[in-house]
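Asks: The structure that follows is given in the form of structure tokens.
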Amino acid sequence: MADRFVDPFFPNRPVDDPQRFSGRKDQVEAIIDAIYQIKNNNPIHTIITGDRGIGKSSLLLQTKLVAEGDNVLPEKFGIDIGVPRYDFLVGWHDVDAGQGPAHISTGLMHNFQSLFGRLLKNVKLEISLGTFIKIAKKESVEQTVSELVTIFCEDAAKLSRVAYDNKKDGVLFFIDELDRADAESGIATFFKLVAERLPRMKVNNVAFICAGITGAIQKLEVEHASIARTFKDVPIPRLTEGETEEIIKDGFDKVGRTYNNRIPVLTYRLSSGFPEPVHLLGSEMLKVDTDGYVDETDFTEAKERIVTIVRRNKLSMLLKQSGSGKYQHIVLAMAEYDGTNVPLSFISSQIGQTQNQYSTNMSALVERGIIFRLDIGIYAFVDPLLKEYIQKFGIISAKSEED
Ligand SMILES: Nc1ncnc2c1ncn2[C@@H]1O[C@H](COP(=O)(O)OP(=O)(O)OP(=O)(O)O)[C@@H](O)[C@H]1O
Ligand SMILES: [Mg+2]
């Protein structure tokens, strides 16, 4: 058995070390520009969007580091940040399922209170549990939101003043997992009204920086189609092959392993541009490697372990959530395709139906988060490992459903 070592891969948490943050240079550049604008009293609200697991929280966290004066990431990318370093007052809230603007405001203000207690000792923030309960009792969403906006903006103005008095750059509200917010809660209206109100109050060094899953964020917009107008969208793309290799190489370097030059491309194909499976594969390859040189056998064994042990429950649940009958035949057809991006023509020939006979099933699979549409007539699995799982274990047949 190999010596014990600290796993250099972290499939279960966002990247905190800027040195381990791979790719996304344009997105980092875009957000730093937003921060620069805010510091210079031109508030720009930003939302980082992308698929599940693409790296939204990681980018949000890296942005927070830069806003608090850590320049490692911009230096690594050679990005000019426009000042020697930033020094913002920052608060953070992770949205929980079903929360709305009242929870989010309370969460943010509590966070400021606990982080900056000393700076805020002579400041009374208006948002408290009391206001929250009072507001929660209000009849209509409209009334709730408009009252909340008033209180929130008063608090934001106070924080802005504290920032100014203490020679800080301004105030940033970080909100992660915005996609989990309740679409009916008035959330989109809340952001729109706050974004309009603050400049009227001459509070211009305060802004939101949020993150959320693309599709769900689009749903929040139904309300007034306002999220898109309030926020500057920073979409996160898939990783390139080179960026995928960087994650693998950095990790292996850290523990002194070398690798066969096929490993990065195999990892890239299996992870289809998502960073999470890259970390997972990296971690498992290190576990199975015994001679300090990671080769294709280690890769295959790692993949097997993931599909049959590490992620088996999650993947089996995904397959169930696909639906029964025709749905299973469609995902099987997709798993049988030799490549990640499956054309409808291939599915048609496999299941023996014309495209319009199963187009509603395709929409439902997209809706259920199983597949996504890459282009007209081209689909791929959201979780690239589901394909491997189906190849290994097959689909849920009508027979085994009865069992
Ligand atoms: N730029 C990156 N370089 C290296 N690893 C990354 C990068 N971005 C994300 N990761 C890794 O990918 C995984 C998923 O990242 P993260 O949690 O940031 O994604 P997310 O989009 O917020 O996911 P979710 O949709 O579940 O909230 C984590 O293991 C993280 O460490
Ligand atoms: Mg996240």
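By convention in this document, the chains of the structure tokens carry letters A, B, ... by their order, each chain's residues are numbered from 1, and ligands are numbered from 1 in the order they are shown.
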As a ChimeraX atom specification, please: the residues near Val366 in chain A (cut-off 10 Å, only C-alpha atoms, same-chain neighbours under 6 positions excluded).

Replies: /A:215,322,360,372-373,379-382

Asks: With C-alpha atoms kept, could you save the residues just selected as a JSON list (two decimals), in the first residue's frame?

Replies:
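File part29.json, as written:
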```json
[["chain", "number", "residue", "atom", "x", "y", "z"],
["A", 215, "GLY", "CA", -32.14, 27.42, -16.09],
["A", 322, "SER", "CA", -35.29, 10.04, -15.86],
["A", 360, "THR", "CA", -41.97, 15.94, -25.41],
["A", 372, "PHE", "CA", -29.39, 19.34, -21.85],
["A", 373, "ARG", "CA", -29.65, 20.69, -25.34],
["A", 379, "TYR", "CA", -28.23, 16.58, -26.62],
["A", 380, "ALA", "CA", -25.83, 15.45, -23.87],
["A", 381, "PHE", "CA", -26.05, 14.12, -20.32],
["A", 382, "VAL", "CA", -25.85, 16.77, -17.60]]
```

Asks: Set the distance at 6 Å and use only C-alpha atoms: which residues neighbour range 300-317 of chain A once local chain neighbours fewer than 4 positions away are removed? I'd like the list as a list in words.

Replies: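 After dropping sequence-adjacent residues, the list is Glu284, Met285, Leu386 and Tyr389 of chain A.
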
Asks: If you run DSSP on the backbone here, which positions in range 74-143 of chain A get strand (DSSP E or B)? Please write them as a list in words.

Replies: Leu89, Val90, Gly91, Trp92, His93 and Asp94 of chain A

Asks: Show me which residues sit within 9 Å of ligand 2 when counting only C-alpha atoms and all ligand atoms, and put them as a PyMOL selection string.

Replies: chain A and resi 13-14+52-58+60+176-177+211-213

Asks: Name the closest residue to ligand 1 among the candidates A:Arg20, A:His110, A:His103, A:Arg4; distances are taken between atoms, counting only C-alpha atoms and all ligand atoms.

Replies: A:Arg20

Asks: Which is closest to ligand 1 among A:Arg161, A:Lys121, A:Lys25, A:His93, if we use only C-alpha atoms and all ligand atoms?

Replies: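 Result for the nearest residue to ligand 1: A:Lys25.
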
Asks: What does the structure give for the distance between CA of Trp92 in chain A and CA of Glu75 in chain A, in Å to one decimal?

Replies: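 These two atoms are separated by 24.5 Å.
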
Asks: Residues near Cys153 in chain A, anyone? I mean within 12 Å using only C-alpha atoms, not counting same-chain ones fewer than 2 positions away, as a ChimeraX atom specification.

Replies: /A:105,109,125-127,145-151,155-160,190-191,193-204,206-207

Asks: Would you put the residues from that selection into a file with N, CA and C atoms, as a compact mmCIF listing (two decimals), in the first residue's frame?

Replies:
```txt
# COMPACT_ATOMS: atom_id res chain seq x y z
N SER A 105 -32.12 39.05 2.94
CA SER A 105 -31.69 40.30 3.59
C SER A 105 -31.27 40.06 5.02
N MET A 109 -27.51 40.76 6.51
CA MET A 109 -27.26 41.74 7.56
C MET A 109 -26.69 41.08 8.82
N LEU A 125 -28.48 48.44 12.62
CA LEU A 125 -29.10 47.96 11.38
C LEU A 125 -30.58 47.72 11.65
N GLU A 126 -31.41 48.05 10.67
CA GLU A 126 -32.86 47.96 10.85
C GLU A 126 -33.38 46.54 10.69
N ILE A 127 -32.69 45.79 9.85
CA ILE A 127 -33.18 44.44 9.61
C ILE A 127 -32.82 43.55 10.78
N VAL A 145 -42.43 43.05 -0.19
CA VAL A 145 -41.21 43.42 -0.89
C VAL A 145 -40.97 44.90 -0.80
N SER A 146 -42.00 45.73 -0.96
CA SER A 146 -41.73 47.16 -0.95
C SER A 146 -41.28 47.62 0.43
N GLU A 147 -41.85 47.04 1.49
CA GLU A 147 -41.38 47.41 2.84
C GLU A 147 -39.96 46.95 3.07
N LEU A 148 -39.70 45.76 2.60
CA LEU A 148 -38.37 45.19 2.79
C LEU A 148 -37.31 46.01 2.05
N VAL A 149 -37.65 46.43 0.85
CA VAL A 149 -36.71 47.22 0.06
C VAL A 149 -36.32 48.49 0.82
N THR A 150 -37.31 49.13 1.42
CA THR A 150 -37.04 50.36 2.18
C THR A 150 -36.06 50.09 3.32
N ILE A 151 -36.35 49.06 4.10
CA ILE A 151 -35.49 48.77 5.25
C ILE A 151 -34.09 48.33 4.79
N ASP A 155 -30.40 50.12 5.60
CA ASP A 155 -29.25 49.40 6.15
C ASP A 155 -28.04 49.48 5.21
N ALA A 156 -28.32 49.33 3.93
CA ALA A 156 -27.23 49.38 2.95
C ALA A 156 -26.57 50.76 3.00
N ALA A 157 -27.38 51.79 3.16
CA ALA A 157 -26.85 53.16 3.24
C ALA A 157 -25.96 53.31 4.47
N LYS A 158 -26.39 52.71 5.57
CA LYS A 158 -25.57 52.78 6.79
C LYS A 158 -24.24 52.06 6.58
N LEU A 159 -24.30 50.88 5.97
CA LEU A 159 -23.07 50.12 5.72
C LEU A 159 -22.15 50.92 4.79
N SER A 160 -22.76 51.54 3.79
CA SER A 160 -21.99 52.33 2.84
C SER A 160 -21.26 53.47 3.56
N PHE A 190 -37.50 42.46 -5.80
CA PHE A 190 -36.66 42.99 -4.73
C PHE A 190 -35.34 43.54 -5.28
N PHE A 191 -34.65 42.74 -6.08
CA PHE A 191 -33.36 43.19 -6.61
C PHE A 191 -33.53 44.42 -7.50
N LEU A 193 -35.89 46.70 -7.43
CA LEU A 193 -36.21 47.91 -6.66
C LEU A 193 -35.00 48.42 -5.88
N VAL A 194 -34.25 47.50 -5.29
CA VAL A 194 -33.06 47.93 -4.54
C VAL A 194 -32.07 48.61 -5.47
N ALA A 195 -31.89 47.99 -6.65
CA ALA A 195 -30.93 48.54 -7.61
C ALA A 195 -31.36 49.93 -8.10
N GLU A 196 -32.66 50.19 -8.12
CA GLU A 196 -33.13 51.52 -8.53
C GLU A 196 -33.09 52.52 -7.38
N ARG A 197 -33.38 52.02 -6.19
CA ARG A 197 -33.51 52.90 -5.03
C ARG A 197 -32.15 53.44 -4.57
N LEU A 198 -31.16 52.57 -4.49
CA LEU A 198 -29.86 53.00 -3.92
C LEU A 198 -29.27 54.21 -4.64
N PRO A 199 -29.22 54.23 -5.95
CA PRO A 199 -28.67 55.42 -6.62
C PRO A 199 -29.46 56.69 -6.29
N ARG A 200 -30.79 56.55 -6.14
CA ARG A 200 -31.59 57.73 -5.77
C ARG A 200 -31.21 58.24 -4.39
N MET A 201 -30.75 57.32 -3.54
CA MET A 201 -30.31 57.71 -2.19
C MET A 201 -28.83 58.11 -2.21
N LYS A 202 -28.27 58.18 -3.39
CA LYS A 202 -26.85 58.51 -3.57
C LYS A 202 -25.92 57.48 -2.89
N VAL A 203 -26.39 56.26 -2.86
CA VAL A 203 -25.55 55.18 -2.33
C VAL A 203 -25.05 54.39 -3.54
N ASN A 204 -23.81 54.63 -3.92
CA ASN A 204 -23.34 54.06 -5.19
C ASN A 204 -22.17 53.09 -5.05
N VAL A 206 -22.29 50.22 -3.39
CA VAL A 206 -22.88 49.00 -2.86
C VAL A 206 -23.42 48.17 -4.01
N ALA A 207 -23.12 46.87 -4.00
CA ALA A 207 -23.66 46.04 -5.09
C ALA A 207 -23.80 44.58 -4.69
```

Asks: Write out as a JSON list (two decimals) with N, CA and C atoms, in the first residue's frame the residues lying within 10 Å of range 238-255 of chain A, counting only C-alpha atoms and excluding same-chain residues fewer than 4 positions away.

Replies:
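Written output follows (result10.json):
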```json
[["chain", "number", "residue", "atom", "x", "y", "z"],
["A", 5, "PHE", "N", -1.18, 10.13, 2.02],
["A", 5, "PHE", "CA", -0.92, 11.49, 1.54],
["A", 5, "PHE", "C", -2.20, 12.30, 1.62],
["A", 6, "VAL", "N", -2.04, 13.62, 1.62],
["A", 6, "VAL", "CA", -3.23, 14.47, 1.65],
["A", 6, "VAL", "C", -3.77, 14.56, 0.23],
["A", 7, "ASP", "N", -5.03, 14.21, 0.05],
["A", 7, "ASP", "CA", -5.63, 14.23, -1.29],
["A", 7, "ASP", "C", -5.60, 15.65, -1.86],
["A", 8, "PRO", "N", -4.92, 15.84, -3.00],
["A", 8, "PRO", "CA", -4.84, 17.19, -3.57],
["A", 8, "PRO", "C", -6.07, 17.55, -4.41],
["A", 9, "PHE", "N", -7.04, 16.63, -4.50],
["A", 9, "PHE", "CA", -8.27, 16.93, -5.24],
["A", 9, "PHE", "C", -9.42, 17.13, -4.26],
["A", 10, "PHE", "N", -10.38, 17.98, -4.66],
["A", 10, "PHE", "CA", -11.47, 18.30, -3.73],
["A", 10, "PHE", "C", -12.80, 18.40, -4.47],
["A", 19, "GLN", "N", -4.37, 29.42, -6.47],
["A", 19, "GLN", "CA", -3.40, 28.69, -7.30],
["A", 19, "GLN", "C", -4.03, 27.46, -7.94],
["A", 20, "ARG", "N", -5.07, 26.94, -7.33],
["A", 20, "ARG", "CA", -5.70, 25.73, -7.84],
["A", 20, "ARG", "C", -6.92, 26.04, -8.71],
["A", 21, "PHE", "N", -7.15, 27.33, -8.96],
["A", 21, "PHE", "CA", -8.30, 27.73, -9.76],
["A", 21, "PHE", "C", -7.89, 27.77, -11.22],
["A", 22, "SER", "N", -8.53, 26.93, -12.03],
["A", 22, "SER", "CA", -8.10, 26.77, -13.41],
["A", 22, "SER", "C", -9.07, 27.45, -14.38],
["A", 23, "GLY", "N", -8.52, 28.13, -15.39],
["A", 23, "GLY", "CA", -9.34, 28.72, -16.45],
["A", 23, "GLY", "C", -10.22, 29.87, -16.00],
["A", 24, "ARG", "N", -11.23, 30.20, -16.81],
["A", 24, "ARG", "CA", -12.19, 31.28, -16.51],
["A", 24, "ARG", "C", -11.57, 32.66, -16.44],
["A", 50, "GLY", "N", -24.44, 29.31, -14.69],
["A", 50, "GLY", "CA", -23.86, 28.14, -15.35],
["A", 50, "GLY", "C", -24.56, 26.89, -14.88],
["A", 51, "ASP", "N", -24.17, 25.76, -15.47],
["A", 51, "ASP", "CA", -24.78, 24.48, -15.13],
["A", 51, "ASP", "C", -24.40, 24.08, -13.70],
["A", 54, "ILE", "N", -20.53, 23.47, -12.41],
["A", 54, "ILE", "CA", -19.59, 24.00, -13.40],
["A", 54, "ILE", "C", -18.51, 24.87, -12.73],
["A", 55, "GLY", "N", -18.76, 25.32, -11.50],
["A", 55, "GLY", "CA", -17.75, 26.12, -10.79],
["A", 55, "GLY", "C", -18.21, 27.53, -10.42],
["A", 259, "TYR", "N", 2.40, 10.94, -14.86],
["A", 259, "TYR", "CA", 1.26, 10.29, -15.51],
["A", 259, "TYR", "C", 1.48, 10.12, -17.00],
["A", 261, "ASN", "N", 0.62, 10.44, -20.84],
["A", 261, "ASN", "CA", 0.04, 11.63, -21.46],
["A", 261, "ASN", "C", -1.36, 11.43, -22.06],
["A", 263, "ILE", "N", -3.76, 10.42, -20.04],
["A", 263, "ILE", "CA", -4.66, 10.64, -18.90],
["A", 263, "ILE", "C", -5.47, 11.94, -19.01],
["A", 264, "PRO", "N", -4.84, 13.08, -19.35],
["A", 264, "PRO", "CA", -5.65, 14.31, -19.44],
["A", 264, "PRO", "C", -6.77, 14.20, -20.48],
["A", 265, "VAL", "N", -6.48, 13.64, -21.63],
["A", 265, "VAL", "CA", -7.52, 13.60, -22.66],
["A", 265, "VAL", "C", -8.64, 12.63, -22.29],
["A", 266, "LEU", "N", -8.27, 11.51, -21.65],
["A", 266, "LEU", "CA", -9.30, 10.57, -21.19],
["A", 266, "LEU", "C", -10.18, 11.23, -20.13],
["A", 267, "THR", "N", -9.53, 11.96, -19.23],
["A", 267, "THR", "CA", -10.28, 12.65, -18.16],
["A", 267, "THR", "C", -11.20, 13.70, -18.77],
["A", 268, "TYR", "N", -10.68, 14.41, -19.75],
["A", 268, "TYR", "CA", -11.47, 15.45, -20.39],
["A", 268, "TYR", "C", -12.71, 14.85, -21.05],
["A", 269, "ARG", "N", -12.53, 13.75, -21.76],
["A", 269, "ARG", "CA", -13.66, 13.14, -22.46],
["A", 269, "ARG", "C", -14.72, 12.67, -21.49],
["A", 271, "SER", "N", -15.30, 13.85, -18.47],
["A", 271, "SER", "CA", -15.89, 14.89, -17.61],
["A", 271, "SER", "C", -16.59, 15.96, -18.43],
["A", 272, "SER", "N", -16.47, 15.91, -19.73],
["A", 272, "SER", "CA", -17.05, 16.87, -20.67],
["A", 272, "SER", "C", -17.07, 18.33, -20.19],
["A", 273, "GLY", "N", -15.93, 18.78, -19.66],
["A", 273, "GLY", "CA", -15.79, 20.19, -19.35],
["A", 273, "GLY", "C", -16.25, 20.60, -17.97],
["A", 274, "PHE", "N", -16.72, 19.63, -17.17],
["A", 274, "PHE", "CA", -17.12, 19.94, -15.79],
["A", 274, "PHE", "C", -15.94, 19.69, -14.85],
["A", 275, "PRO", "N", -15.65, 20.62, -13.96],
["A", 275, "PRO", "CA", -14.50, 20.42, -13.07],
["A", 275, "PRO", "C", -14.70, 19.35, -12.00],
["A", 278, "VAL", "N", -13.54, 15.91, -12.79],
["A", 278, "VAL", "CA", -12.07, 15.91, -12.94],
["A", 278, "VAL", "C", -11.43, 15.68, -11.57],
["A", 279, "HIS", "N", -11.94, 16.39, -10.57],
["A", 279, "HIS", "CA", -11.41, 16.20, -9.21],
["A", 279, "HIS", "C", -11.69, 14.78, -8.72],
["A", 281, "LEU", "N", -12.16, 12.03, -10.50],
["A", 281, "LEU", "CA", -11.28, 11.07, -11.19],
["A", 281, "LEU", "C", -9.85, 11.18, -10.68],
["A", 282, "GLY", "N", -9.38, 12.41, -10.51],
["A", 282, "GLY", "CA", -8.03, 12.63, -10.01],
["A", 282, "GLY", "C", -7.85, 11.93, -8.68],
["A", 283, "SER", "N", -8.80, 12.17, -7.80],
["A", 283, "SER", "CA", -8.74, 11.60, -6.47],
["A", 283, "SER", "C", -8.73, 10.07, -6.51],
["A", 285, "MET", "N", -7.93, 8.13, -9.10],
["A", 285, "MET", "CA", -6.72, 7.60, -9.78],
["A", 285, "MET", "C", -5.57, 7.51, -8.78],
["A", 286, "LEU", "N", -5.46, 8.52, -7.91],
["A", 286, "LEU", "CA", -4.40, 8.48, -6.91],
["A", 286, "LEU", "C", -4.59, 7.31, -5.95],
["A", 292, "GLY", "N", 3.35, 5.18, -8.44],
["A", 292, "GLY", "CA", 3.77, 6.56, -8.61],
["A", 292, "GLY", "C", 3.64, 7.08, -10.03],
["A", 293, "TYR", "N", 3.20, 6.20, -10.96],
["A", 293, "TYR", "CA", 3.01, 6.59, -12.35],
["A", 293, "TYR", "C", 1.57, 6.24, -12.73],
["A", 294, "VAL", "N", 0.75, 7.28, -12.96],
["A", 294, "VAL", "CA", -0.66, 7.02, -13.26],
["A", 294, "VAL", "C", -0.81, 6.66, -14.73]]
```

Asks: Please indicate the distance in Å from atom 22 (O, counted along the ligand's line) of ligand 1 to CA of Ile236 in chain A, rounded to one decimal place.

Replies: 10.3 Å

Asks: Under the rule that only C-alpha atoms are counted, which of A:Gly107, A:Gly91, A:Gly377, A:Gly256 is the nearest residue to Lys64 in chain A?

Replies: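 Using only C-alpha atoms, Lys64 in chain A sits closest to A:Gly91.
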
Asks: Name the closest residue to Ala364 in chain A among the candidates A:Ile31, A:Leu220, A:Ile330, A:Ile351; distances are taken between atoms, counting only C-alpha atoms.

Replies: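 Using only C-alpha atoms, Ala364 in chain A sits closest to A:Ile330.
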
Asks: One number please: atom 9 (C, counted along the ligand's line) of ligand 1 to CA of Pro11 in chain A, in Å, one decimal.

Replies: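 Calculated distance between atom 9 (C, counted along the ligand's line) of ligand 1 and CA of Pro11 in chain A is 8.4 Å.
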
Asks: Considering only C-alpha atoms and all ligand atoms, can you say which of A:Arg85, A:Lys287, A:His329, A:Arg180 comes closest to ligand 1?

Replies: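 Nearest candidate to ligand 1 out of A:Arg85, A:Lys287, A:His329, A:Arg180: A:Arg180.
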
Asks: Using only C-alpha atoms, which residues sit within 12 Å of Asp80 in chain A once same-chain residues fewer than 3 positions away are excluded, as a PyMOL selection string?

Replies: chain A and resi 28-30+32-33+36+66+71-77+83-85

Asks: Using N, CA and C atoms, can you write the selected residues to a file as a PDB file, in the first residue's frame?

Replies:
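So the final result, stored in again_0.pdb, reads:
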```pdb
ATOM      1  N   VAL A  28     -13.209  36.088 -14.743  1.00  0.00           N
ATOM      2  CA  VAL A  28     -12.550  36.771 -13.624  1.00  0.00           C
ATOM      3  C   VAL A  28     -12.352  38.242 -13.990  1.00  0.00           C
ATOM      4  N   GLU A  29     -11.904  38.447 -15.205  1.00  0.00           N
ATOM      5  CA  GLU A  29     -11.703  39.804 -15.713  1.00  0.00           C
ATOM      6  C   GLU A  29     -13.011  40.620 -15.641  1.00  0.00           C
ATOM      7  N   ALA A  30     -14.117  40.002 -16.076  1.00  0.00           N
ATOM      8  CA  ALA A  30     -15.412  40.702 -16.086  1.00  0.00           C
ATOM      9  C   ALA A  30     -15.847  41.081 -14.674  1.00  0.00           C
ATOM     10  N   ILE A  32     -13.882  41.440 -11.996  1.00  0.00           N
ATOM     11  CA  ILE A  32     -12.979  42.443 -11.432  1.00  0.00           C
ATOM     12  C   ILE A  32     -13.343  43.817 -11.980  1.00  0.00           C
ATOM     13  N   ASP A  33     -13.735  43.851 -13.228  1.00  0.00           N
ATOM     14  CA  ASP A  33     -14.151  45.144 -13.771  1.00  0.00           C
ATOM     15  C   ASP A  33     -15.380  45.666 -13.021  1.00  0.00           C
ATOM     16  N   TYR A  36     -14.271  47.116  -9.820  1.00  0.00           N
ATOM     17  CA  TYR A  36     -13.605  48.401 -10.062  1.00  0.00           C
ATOM     18  C   TYR A  36     -14.652  49.508 -10.242  1.00  0.00           C
ATOM     19  N   VAL A  66     -10.549  38.448  -3.886  1.00  0.00           N
ATOM     20  CA  VAL A  66      -9.982  39.634  -4.544  1.00  0.00           C
ATOM     21  C   VAL A  66     -10.550  40.898  -3.886  1.00  0.00           C
ATOM     22  N   ASN A  71      -4.532  39.254  -4.036  1.00  0.00           N
ATOM     23  CA  ASN A  71      -4.276  39.453  -5.470  1.00  0.00           C
ATOM     24  C   ASN A  71      -3.673  38.237  -6.179  1.00  0.00           C
ATOM     25  N   VAL A  72      -3.635  37.097  -5.514  1.00  0.00           N
ATOM     26  CA  VAL A  72      -2.969  35.940  -6.115  1.00  0.00           C
ATOM     27  C   VAL A  72      -3.592  35.561  -7.463  1.00  0.00           C
ATOM     28  N   LEU A  73      -4.926  35.507  -7.520  1.00  0.00           N
ATOM     29  CA  LEU A  73      -5.569  35.088  -8.772  1.00  0.00           C
ATOM     30  C   LEU A  73      -5.340  36.080  -9.914  1.00  0.00           C
ATOM     31  N   PRO A  74      -5.630  37.384  -9.714  1.00  0.00           N
ATOM     32  CA  PRO A  74      -5.352  38.324 -10.812  1.00  0.00           C
ATOM     33  C   PRO A  74      -3.878  38.319 -11.221  1.00  0.00           C
ATOM     34  N   GLU A  75      -2.979  38.147 -10.275  1.00  0.00           N
ATOM     35  CA  GLU A  75      -1.557  38.096 -10.642  1.00  0.00           C
ATOM     36  C   GLU A  75      -1.254  36.864 -11.481  1.00  0.00           C
ATOM     37  N   LYS A  76      -1.842  35.747 -11.098  1.00  0.00           N
ATOM     38  CA  LYS A  76      -1.637  34.511 -11.865  1.00  0.00           C
ATOM     39  C   LYS A  76      -2.103  34.682 -13.313  1.00  0.00           C
ATOM     40  N   PHE A  77      -3.223  35.396 -13.494  1.00  0.00           N
ATOM     41  CA  PHE A  77      -3.762  35.606 -14.843  1.00  0.00           C
ATOM     42  C   PHE A  77      -3.183  36.843 -15.538  1.00  0.00           C
ATOM     43  N   VAL A  83      -6.168  48.991  -9.138  1.00  0.00           N
ATOM     44  CA  VAL A  83      -5.762  49.570  -7.854  1.00  0.00           C
ATOM     45  C   VAL A  83      -4.714  48.619  -7.267  1.00  0.00           C
ATOM     46  N   PRO A  84      -3.961  49.065  -6.257  1.00  0.00           N
ATOM     47  CA  PRO A  84      -3.002  48.110  -5.664  1.00  0.00           C
ATOM     48  C   PRO A  84      -3.724  46.892  -5.075  1.00  0.00           C
ATOM     49  N   ARG A  85      -4.750  47.144  -4.285  1.00  0.00           N
ATOM     50  CA  ARG A  85      -5.587  46.032  -3.815  1.00  0.00           C
ATOM     51  C   ARG A  85      -6.948  46.557  -3.367  1.00  0.00           C
TER      52      ARG A  85
END
```

Asks: Can you check which residues of range 30-128 of chain A DSSP gives as alpha helix (DSSP H) on the backbone and send them as an MDAnalysis selection string?

Replies: chainID A and resid 30:39 56:67 72:77 101:115

Asks: Can you tell me which residues surround range 164-172 of chain A at a distance of at most 6 Å, considering only C-alpha atoms, apart from same-chain residues fewer than 4 positions away, and format the answer as a PyMOL selection string?

Replies: chain A and resi 39+87-90+205-208

Asks: My list of candidates is A:Leu332, A:Asn12, A:Phe299, A:Gly352. Which is closest to Lys392 in chain A when distances are computed with only C-alpha atoms?

Replies: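 Of the candidates, the smallest distance to Lys392 in chain A is held by A:Leu332.
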